[in-house]
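**Student:** I'd like to ask you about the structure that follows.
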Number of protein chains: 2
Amino acid sequence: MHLGTLGVVGVGLLGGSVALAARQRRLAGRVVGCDRSEDVLHRAAGAHILDEATTDLAEAVREAELVVFCTPVDRIADQVLEAAPWCPPGAILTDVGSTKAGIVRQLTGRLPAGVTFIGSHPLAGSEKTGPEHARADLFENRLVVVTPGEDASGRATARLMAFWHTLGASVVPMRAELHDQALALTSHLPHLVASALAGVLPDEWRFLTATGFRDTTRIAAGSPEMWQAILLANRECVLEALDRFRDRLERYRCALAAGDGAEVLRLWLEGKQVRESLTGR
Amino acid sequence: MHLGTLGVVGVGLLGGSVALAARQRRLAGRVVGCDRSEDVLHRAAGAHILDEATTDLAEAVREAELVVFCTPVDRIADQVLEAAPWCPPGAILTDVGSTKAGIVRQLTGRLPAGVTFIGSHPLAGSEKTGPEHARADLFENRLVVVTPGEDASGRATARLMAFWHTLGASVVPMRAELHDQALALTSHLPHLVASALAGVLPDEWRFLTATGFRDTTRIAAGSPEMWQAILLANRECVLEALDRFRDRLERYRCALAAGDGAEVLRLWLEGKQVRESLTGR
C-alpha cells in the first residue's frame, strides 16, 4: 500500500493520529491536512504532523487518492459532498465517525462518478482532544470497521482495508446498519449510562467515590458536542439498546425488592462471565 | 498509636493488607490472623503477613486490643458476637464491610461490657482476592469511614481513627445510616449498573467493545458472593439510588426520542462537570 497524497480533513486527535501514523509508516508521499481553524493547523505544524496544511477543502483534496474525514458525525456528509467534486478520479473518501448508516444514507447516489465513499470507524480514541495529543500508534492492535455500500467496488474496499491495516489495525467489513446497531450497545449505551450515573451523584458525596465510581464514569468526560451528535445520529438504535438495559436493571430491581438472593447472584454471575470474556482487560 | 496485639479475622486481600500494613509500620507488637481456611492461613504464612495464625476465633482475639473483621458483610455481626466474650476488657472490634447500618443494628446492646464495636469502611479494594495480593500500601491516601454508635466512647472512636490514620488513610466519622445511603450511590449503584451493562452485551458483539465498554464494566468482575451480600444488606438504599438513576436515564430516553439536542447536551454537560470534579482521575 502506497499513496501519493493523503488528505486529512479535521486535524484533531484522530485526524492528527491518522496523519502521524501514515507519515511514520511512509504510507503516503505527502500528507495534506485541512482544518477550518488556523490555530489547530498551527498546533499541528508545531507537532510535525503534516507535510502541508490548509483551510481550503478543495486544495486539500485536489491530488489526494485517499481522504479521511475526521470531523464530527453531524458534519461529515456535508463536507464529503463539498469535497467530492474537487477530488481526482478514483479517489476514495472515508471517515472515522462513530455512526455510519446516516452518513451512508445521505451520500448514496450523490457523489460524482469515479469518487467512492466508504465509511470507517476505528475503535480507538481518547478523552483527550487536539493535534498535540495525536499518536502514531493510536490504531495499533485496534479494530477498524469499514462499511462499504452497494456502490463500492471490491477494489476500493480492499484498498481502504489495506490502508487501515498498514496503520496497524485489524479491519472488519460490516453493513452500516449492523455497525450502528452493535455500536449502540458496545459504545453509545455505555457512554449514556456513564453520563447518567455521573449525573446522579450529589455534590456532598463526591468525597465518598473511589476507583469503582471513577472507572465506571470515566467516559462521561468526553466531548459534549461530539456525544450529542453521536447519540442523536444513532438514536433509534440507542433507544433500543437503552430498552434492553432498562429491562435488565428492572430484573435487578425486582430481585432486590423481593430479597431474592438467588436471582441477584444469577444476574451478577452472567455479567461477570461476559466481562471476563473480554480480551485486553 | 501502638498495640500489643492486633487480631485480624479473615485473611484475604483486605485482612492481609491490614496485617501487612500494621506490621510494616510497627503498629502492633504481634499480629494474629484467624481464618476458617487452613489453606488461606498457609498462603498468608507464605506471604509473611502474620506473626501467628489460627483457625480458632477465641484464640485469635484473646489478647487483642483491636480486632479487625475482614469477612463478608453477611457474616460480620455473628462473628463479632462469637468473638466478643473472649476479648480482653477495653477491646475495640471493627470491620471493613461495605455496608454498616445492618451490622450496627444487629450488635447494639448485645456485646459484653468493656467491649466496643465501631464499624469501619476503607474505600479501598481490588477485584483481586486472597492474601497473596495483600499490599502494605492499600490504605495509603484512601478514605476510611468509621461509624461510631451511641454506645461508643470518644476515646474508643479516637483510637480506631488513629489506627486507620497510622495505616496511611484519611478518616471521617459518619452515622452508619448516612454511610449506607451515600455508598449506595457512590459504590453499590455503580456496581449494579456495570453488571447490568455487561449483562446486555450479546456474544456476537463482544469483539466490537473497546476501552469505553471495558472501563465502564470493569467492576462487574467483582466477587459474586460478596456483591450479592452487599446489595442485599443495603437493598433499601440501593433501591432508592436505582430510582434516581432510572429517572435520569428516562430523561435521556425522552430527549433522544424527541430529538431534543439541547436537552441531550444539558444532561451530558451536567455529568461531565461532576466527573471532572472528582479528584484522582
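Just so we're on the same page: first chain in the C-alpha cells is A, next is B, and so on; residues restart at 1 for each chain, and ligands are numbered from 1 in the order they show up.
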Tell me, as an mmCIF file with N, CA, C and O atoms, in the first residue's frame, which residues lie within 12 Å of Leu178 of chain B, counting only C-alpha atoms; anything in the same chain fewer than 3 positions away does not count.
**Tutor:**
data_model
loop_
_atom_site.group_PDB
_atom_site.id
_atom_site.type_symbol
_atom_site.label_atom_id
_atom_site.label_comp_id
_atom_site.auth_asym_id
_atom_site.auth_seq_id
_atom_site.Cartn_x
_atom_site.Cartn_y
_atom_site.Cartn_z
ATOM 1 N N GLU A 204 -22.360 16.627 47.755
ATOM 2 C CA GLU A 204 -21.858 16.376 49.097
ATOM 3 C C GLU A 204 -21.277 14.974 49.252
ATOM 4 O O GLU A 204 -20.645 14.677 50.259
ATOM 5 N N TRP A 205 -21.490 14.096 48.280
ATOM 6 C CA TRP A 205 -20.967 12.744 48.411
ATOM 7 C C TRP A 205 -19.810 12.443 47.460
ATOM 8 O O TRP A 205 -19.366 11.309 47.342
ATOM 9 N N LEU A 208 -16.860 10.592 48.730
ATOM 10 C CA LEU A 208 -17.013 9.166 49.030
ATOM 11 C C LEU A 208 -16.921 8.284 47.787
ATOM 12 O O LEU A 208 -17.274 7.111 47.824
ATOM 13 N N THR B 99 -21.165 -2.203 53.947
ATOM 14 C CA THR B 99 -22.426 -1.693 54.498
ATOM 15 C C THR B 99 -22.274 -1.651 56.005
ATOM 16 O O THR B 99 -21.526 -2.441 56.583
ATOM 17 N N LYS B 100 -22.983 -0.735 56.648
ATOM 18 C CA LYS B 100 -22.730 -0.529 58.070
ATOM 19 C C LYS B 100 -23.977 -0.613 58.951
ATOM 20 O O LYS B 100 -23.918 -1.150 60.045
ATOM 21 N N ALA B 101 -25.105 -0.066 58.520
ATOM 22 C CA ALA B 101 -26.256 0.075 59.421
ATOM 23 C C ALA B 101 -26.757 -1.275 59.925
ATOM 24 O O ALA B 101 -27.059 -1.423 61.110
ATOM 25 N N VAL B 145 -14.179 5.407 56.314
ATOM 26 C CA VAL B 145 -15.313 5.929 57.081
ATOM 27 C C VAL B 145 -15.452 5.093 58.347
ATOM 28 O O VAL B 145 -15.428 3.859 58.266
ATOM 29 N N VAL B 146 -15.556 5.730 59.508
ATOM 30 C CA VAL B 146 -15.860 4.980 60.734
ATOM 31 C C VAL B 146 -17.231 5.421 61.226
ATOM 32 O O VAL B 146 -17.616 6.578 61.067
ATOM 33 N N THR B 147 -17.995 4.453 61.777
ATOM 34 C CA THR B 147 -19.385 4.745 62.146
ATOM 35 C C THR B 147 -19.633 4.412 63.618
ATOM 36 O O THR B 147 -20.236 3.389 63.931
ATOM 37 N N PRO B 173 -15.606 10.268 60.409
ATOM 38 C CA PRO B 173 -16.705 9.592 61.109
ATOM 39 C C PRO B 173 -18.052 9.984 60.494
ATOM 40 O O PRO B 173 -18.233 11.123 60.073
ATOM 41 N N MET B 174 -18.967 9.035 60.408
ATOM 42 C CA MET B 174 -20.313 9.282 59.859
ATOM 43 C C MET B 174 -21.301 8.397 60.599
ATOM 44 O O MET B 174 -20.928 7.350 61.128
ATOM 45 N N ARG B 175 -22.575 8.759 60.564
ATOM 46 C CA ARG B 175 -23.604 7.854 61.044
ATOM 47 C C ARG B 175 -23.702 6.678 60.079
ATOM 48 O O ARG B 175 -23.602 6.849 58.867
ATOM 49 N N GLN B 181 -26.485 5.151 52.853
ATOM 50 C CA GLN B 181 -27.215 5.911 51.841
ATOM 51 C C GLN B 181 -26.243 6.474 50.802
ATOM 52 O O GLN B 181 -26.481 6.383 49.594
ATOM 53 N N ALA B 182 -25.141 7.035 51.277
ATOM 54 C CA ALA B 182 -24.148 7.617 50.370
ATOM 55 C C ALA B 182 -23.473 6.538 49.529
ATOM 56 O O ALA B 182 -23.365 6.654 48.307
ATOM 57 N N LEU B 183 -23.063 5.449 50.187
ATOM 58 C CA LEU B 183 -22.345 4.400 49.447
ATOM 59 C C LEU B 183 -23.246 3.692 48.442
ATOM 60 O O LEU B 183 -22.770 3.168 47.435
ATOM 61 N N ALA B 184 -24.557 3.661 48.708
ATOM 62 C CA ALA B 184 -25.481 3.095 47.730
ATOM 63 C C ALA B 184 -25.306 3.822 46.397
ATOM 64 O O ALA B 184 -25.296 3.202 45.335
ATOM 65 N N LEU B 185 -25.120 5.134 46.454
ATOM 66 C CA LEU B 185 -24.956 5.919 45.226
ATOM 67 C C LEU B 185 -23.525 5.892 44.696
ATOM 68 O O LEU B 185 -23.301 5.827 43.495
ATOM 69 N N ASN B 234 -27.853 -3.806 51.828
ATOM 70 C CA ASN B 234 -28.170 -2.380 51.714
ATOM 71 C C ASN B 234 -29.300 -2.139 50.723
ATOM 72 O O ASN B 234 -29.361 -1.107 50.059
ATOM 73 N N CYS B 237 -31.503 1.253 50.486
ATOM 74 C CA CYS B 237 -30.762 2.409 49.947
ATOM 75 C C CYS B 237 -30.406 2.201 48.478
ATOM 76 O O CYS B 237 -30.428 3.143 47.675
#
**Student:** Using only C-alpha atoms, determine which residues of chain B fall within 7 Å of chain A; present them as a PyMOL selection string.
**Tutor:** chain B and resi 123+182+185-187+190+194-201+205-206+208-210+212-217+219-221+224+228+232+235+239+244-245+248-249+253+256+259+261+264-265+268-272+274-276+278+281
**Student:** Find the residues around Gly33 of chain B up to 7 Å (only C-alpha atoms counted), leave out those fewer than 5 positions away in its own chain, and share them as a PDB file with N, CA and C atoms, in the first residue's frame.
**Tutor:**
ATOM      1  N   GLY B   7      -5.680  -8.331  66.226  1.00  0.00           N
ATOM      2  CA  GLY B   7      -6.315  -9.514  65.657  1.00  0.00           C
ATOM      3  C   GLY B   7      -6.920  -9.192  64.301  1.00  0.00           C
ATOM      4  N   VAL B   8      -6.747 -10.105  63.340  1.00  0.00           N
ATOM      5  CA  VAL B   8      -7.363  -9.928  62.026  1.00  0.00           C
ATOM      6  C   VAL B   8      -8.163 -11.187  61.724  1.00  0.00           C
ATOM      7  N   VAL B   9      -9.461 -11.044  61.534  1.00  0.00           N
ATOM      8  CA  VAL B   9     -10.319 -12.198  61.261  1.00  0.00           C
ATOM      9  C   VAL B   9     -10.710 -12.183  59.786  1.00  0.00           C
ATOM     10  N   VAL B  11      -8.385 -13.562  56.440  1.00  0.00           N
ATOM     11  CA  VAL B  11      -7.089 -13.087  55.933  1.00  0.00           C
ATOM     12  C   VAL B  11      -7.070 -13.146  54.403  1.00  0.00           C
ATOM     13  N   LEU B  50       1.615 -12.563  58.720  1.00  0.00           N
ATOM     14  CA  LEU B  50       1.179 -12.692  60.117  1.00  0.00           C
ATOM     15  C   LEU B  50       2.319 -13.095  61.046  1.00  0.00           C
ATOM     16  N   GLU B  52       1.244 -14.769  63.941  1.00  0.00           N
ATOM     17  CA  GLU B  52       0.651 -16.040  64.354  1.00  0.00           C
ATOM     18  C   GLU B  52      -0.624 -16.266  63.567  1.00  0.00           C
ATOM     19  N   ALA B  53      -0.940 -17.526  63.346  1.00  0.00           N
ATOM     20  CA  ALA B  53      -2.129 -17.853  62.561  1.00  0.00           C
ATOM     21  C   ALA B  53      -2.907 -18.952  63.269  1.00  0.00           C
ATOM     22  N   THR B  54      -4.235 -18.859  63.220  1.00  0.00           N
ATOM     23  CA  THR B  54      -5.056 -19.867  63.882  1.00  0.00           C
ATOM     24  C   THR B  54      -6.418 -19.957  63.193  1.00  0.00           C
ATOM     25  N   ALA B  60      -7.571 -16.224  68.621  1.00  0.00           N
ATOM     26  CA  ALA B  60      -7.087 -15.065  67.851  1.00  0.00           C
ATOM     27  C   ALA B  60      -7.340 -13.748  68.584  1.00  0.00           C
TER      28      ALA B  60
END
**Student:** Run DSSP on the backbone and tell me which residues of segment 65-260 of chain B come out as strand (DSSP E); list them as an NGL selection string.
**Tutor:** :B and (66-69 or 92-95 or 116-117 or 119-122 or 143-147 or 170-173)
**Student:** Selection from above, N, CA, C and O atoms, as an mmCIF file, in the first residue's frame, can you write it?
**Tutor:**
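part_22.cif, written as the output of this step:
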data_model
loop_
_atom_site.group_PDB
_atom_site.id
_atom_site.type_symbol
_atom_site.label_atom_id
_atom_site.label_comp_id
_atom_site.auth_asym_id
_atom_site.auth_seq_id
_atom_site.Cartn_x
_atom_site.Cartn_y
_atom_site.Cartn_z
ATOM 1 N N LEU B 66 -7.264 -4.645 69.605
ATOM 2 C CA LEU B 66 -8.086 -4.271 68.447
ATOM 3 C C LEU B 66 -8.237 -5.498 67.565
ATOM 4 O O LEU B 66 -7.252 -6.206 67.305
ATOM 5 N N VAL B 67 -9.459 -5.770 67.134
ATOM 6 C CA VAL B 67 -9.712 -6.871 66.201
ATOM 7 C C VAL B 67 -10.411 -6.308 64.969
ATOM 8 O O VAL B 67 -11.402 -5.589 65.098
ATOM 9 N N VAL B 68 -9.872 -6.625 63.790
ATOM 10 C CA VAL B 68 -10.490 -6.152 62.545
ATOM 11 C C VAL B 68 -11.113 -7.353 61.838
ATOM 12 O O VAL B 68 -10.400 -8.286 61.439
ATOM 13 N N PHE B 69 -12.427 -7.326 61.655
ATOM 14 C CA PHE B 69 -13.137 -8.400 60.962
ATOM 15 C C PHE B 69 -13.180 -8.088 59.467
ATOM 16 O O PHE B 69 -13.749 -7.086 59.054
ATOM 17 N N ILE B 92 -11.419 -3.069 71.261
ATOM 18 C CA ILE B 92 -12.229 -2.419 70.222
ATOM 19 C C ILE B 92 -12.331 -3.397 69.057
ATOM 20 O O ILE B 92 -11.324 -3.912 68.579
ATOM 21 N N LEU B 93 -13.555 -3.654 68.621
ATOM 22 C CA LEU B 93 -13.768 -4.522 67.464
ATOM 23 C C LEU B 93 -14.245 -3.656 66.305
ATOM 24 O O LEU B 93 -15.064 -2.760 66.495
ATOM 25 N N THR B 94 -13.730 -3.928 65.118
ATOM 26 C CA THR B 94 -14.188 -3.176 63.939
ATOM 27 C C THR B 94 -14.226 -4.120 62.746
ATOM 28 O O THR B 94 -13.922 -5.312 62.879
ATOM 29 N N ASP B 95 -14.604 -3.597 61.585
ATOM 30 C CA ASP B 95 -14.704 -4.434 60.389
ATOM 31 C C ASP B 95 -14.280 -3.605 59.183
ATOM 32 O O ASP B 95 -13.835 -2.457 59.353
ATOM 33 N N THR B 116 -16.197 -2.830 72.724
ATOM 34 C CA THR B 116 -16.910 -1.877 71.864
ATOM 35 C C THR B 116 -16.775 -2.284 70.401
ATOM 36 O O THR B 116 -15.668 -2.597 69.939
ATOM 37 N N PHE B 117 -17.880 -2.240 69.671
ATOM 38 C CA PHE B 117 -17.793 -2.383 68.216
ATOM 39 C C PHE B 117 -18.038 -1.026 67.575
ATOM 40 O O PHE B 117 -19.014 -0.342 67.888
ATOM 41 N N GLY B 119 -17.980 0.347 63.526
ATOM 42 C CA GLY B 119 -17.797 -0.051 62.122
ATOM 43 C C GLY B 119 -16.762 0.792 61.402
ATOM 44 O O GLY B 119 -16.587 1.969 61.705
ATOM 45 N N SER B 120 -16.062 0.165 60.444
ATOM 46 C CA SER B 120 -15.139 0.891 59.557
ATOM 47 C C SER B 120 -15.420 0.463 58.118
ATOM 48 O O SER B 120 -15.822 -0.671 57.880
ATOM 49 N N HIS B 121 -15.209 1.376 57.193
ATOM 50 C CA HIS B 121 -15.267 1.016 55.777
ATOM 51 C C HIS B 121 -14.151 1.721 55.025
ATOM 52 O O HIS B 121 -14.263 2.900 54.710
ATOM 53 N N PRO B 122 -13.060 1.006 54.762
ATOM 54 C CA PRO B 122 -11.998 1.605 53.948
ATOM 55 C C PRO B 122 -12.425 1.608 52.482
ATOM 56 O O PRO B 122 -12.805 0.569 51.957
ATOM 57 N N LEU B 143 -9.659 6.815 51.791
ATOM 58 C CA LEU B 143 -10.563 7.295 52.821
ATOM 59 C C LEU B 143 -11.110 6.105 53.595
ATOM 60 O O LEU B 143 -11.479 5.095 53.003
ATOM 61 N N VAL B 144 -11.149 6.214 54.922
ATOM 62 C CA VAL B 144 -11.832 5.217 55.743
ATOM 63 C C VAL B 144 -12.961 5.929 56.494
ATOM 64 O O VAL B 144 -12.730 6.929 57.164
ATOM 65 N N VAL B 145 -14.179 5.407 56.314
ATOM 66 C CA VAL B 145 -15.313 5.929 57.081
ATOM 67 C C VAL B 145 -15.452 5.093 58.347
ATOM 68 O O VAL B 145 -15.428 3.859 58.266
ATOM 69 N N VAL B 146 -15.556 5.730 59.508
ATOM 70 C CA VAL B 146 -15.860 4.980 60.734
ATOM 71 C C VAL B 146 -17.231 5.421 61.226
ATOM 72 O O VAL B 146 -17.616 6.578 61.067
ATOM 73 N N THR B 147 -17.995 4.453 61.777
ATOM 74 C CA THR B 147 -19.385 4.745 62.146
ATOM 75 C C THR B 147 -19.633 4.412 63.618
ATOM 76 O O THR B 147 -20.236 3.389 63.931
ATOM 77 N N SER B 170 -6.982 8.731 55.290
ATOM 78 C CA SER B 170 -7.762 9.798 55.894
ATOM 79 C C SER B 170 -8.969 9.138 56.529
ATOM 80 O O SER B 170 -9.486 8.156 56.005
ATOM 81 N N VAL B 171 -9.432 9.669 57.640
ATOM 82 C CA VAL B 171 -10.534 9.021 58.356
ATOM 83 C C VAL B 171 -11.644 10.025 58.586
ATOM 84 O O VAL B 171 -11.382 11.163 58.977
ATOM 85 N N VAL B 172 -12.869 9.623 58.312
ATOM 86 C CA VAL B 172 -14.005 10.504 58.561
ATOM 87 C C VAL B 172 -15.092 9.715 59.293
ATOM 88 O O VAL B 172 -15.427 8.603 58.899
ATOM 89 N N PRO B 173 -15.606 10.268 60.409
ATOM 90 C CA PRO B 173 -16.705 9.592 61.109
ATOM 91 C C PRO B 173 -18.052 9.984 60.494
ATOM 92 O O PRO B 173 -18.233 11.123 60.073
#
**Student:** Identify which of the residues A:Glu150, A:Asp39, A:Glu132, A:Asp51 lies closest to Ala176 of chain A, counting only C-alpha atoms when measuring atom-to-atom distances.
**Tutor:**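 Checking each of A:Glu150, A:Asp39, A:Glu132, A:Asp51 against Ala176 of chain A, counting only C-alpha atoms, the winner is A:Glu150.
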**Student:** Just the alpha helix (DSSP H) stuff from segment 66-183 of chain B, please, per backbone DSSP, written as a PyMOL selection string.
**Tutor:** chain B and resi 76-83+101-107+154-166+176-183
**Student:** Set the distance at 9 Å and use only C-alpha atoms: which residues neighbour Ala77 of chain B once local chain neighbours fewer than 6 positions away are removed? I'd like the list as a list in words.
**Tutor:**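 Those residues are Gly102, Ile103, Val104, Gln106 and Leu107 of chain B.
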**Student:** Find the distance between atom CA of Gly29 of chain A and atom CA of Pro89 of chain A and write it in Å to one decimal.
**Tutor:** 18.4 Å
**Student:** Would you please work out which residue, of A:Leu160, A:Leu13, A:Ile49, A:Val32, is nearest to Arg62 of chain A when using only C-alpha atoms?
**Tutor:** A:Val32
**Student:** Identify, on the basis of only C-alpha atoms, every residue whose closest approach to Gly168 of chain A does not exceed 7 Å; exclude the query and any residue fewer than 4 positions from it along the same chain; express the result as an MDAnalysis selection string.
**Tutor:** chainID A and resid 139:141 164
**Student:** For the residues in the current selection, export N, CA, C and O atoms as a PDB file, in the first residue's frame.
**Tutor:**
ATOM      1  N   PHE A 139      -3.764   3.431  16.304  1.00  0.00           N
ATOM      2  CA  PHE A 139      -4.576   2.393  15.655  1.00  0.00           C
ATOM      3  C   PHE A 139      -3.971   0.998  15.774  1.00  0.00           C
ATOM      4  O   PHE A 139      -4.559   0.030  15.320  1.00  0.00           O
ATOM      5  N   GLU A 140      -2.801   0.925  16.394  1.00  0.00           N
ATOM      6  CA  GLU A 140      -2.127  -0.369  16.511  1.00  0.00           C
ATOM      7  C   GLU A 140      -2.926  -1.325  17.376  1.00  0.00           C
ATOM      8  O   GLU A 140      -3.310  -0.987  18.500  1.00  0.00           O
ATOM      9  N   ASN A 141      -3.154  -2.504  16.835  1.00  0.00           N
ATOM     10  CA  ASN A 141      -3.906  -3.548  17.546  1.00  0.00           C
ATOM     11  C   ASN A 141      -5.334  -3.128  17.884  1.00  0.00           C
ATOM     12  O   ASN A 141      -5.949  -3.704  18.771  1.00  0.00           O
ATOM     13  N   TRP A 164      -5.959   0.917   6.516  1.00  0.00           N
ATOM     14  CA  TRP A 164      -6.041   0.785   7.979  1.00  0.00           C
ATOM     15  C   TRP A 164      -5.119  -0.317   8.482  1.00  0.00           C
ATOM     16  O   TRP A 164      -4.531  -0.193   9.569  1.00  0.00           O
TER      17      TRP A 164
END
**Student:** Take atom CA of Val18 of chain A and atom CA of Asp56 of chain A and report the distance between them in Å, one decimal.
**Tutor:**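 According to the coordinates, atom CA of Val18 of chain A and atom CA of Asp56 of chain A are separated by 19.2 Å.
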**Student:** Find the residues near Arg23 of chain B: any atom within 12 Å, counting only C-alpha atoms, skip ones fewer than 4 places away on the same chain, and give them as a list in words.
**Tutor:** His2, Leu3, Gly4, Thr5, Leu6, Gly7, Gly16, Ser17, Val18, Ala19, Leu27, Ala28, Gly29, Arg30, Val31, Val32, His48, Ile49, Leu50, Asp51, Arg135, Ala136, Asp137, Thr166 and Leu167 of chain B
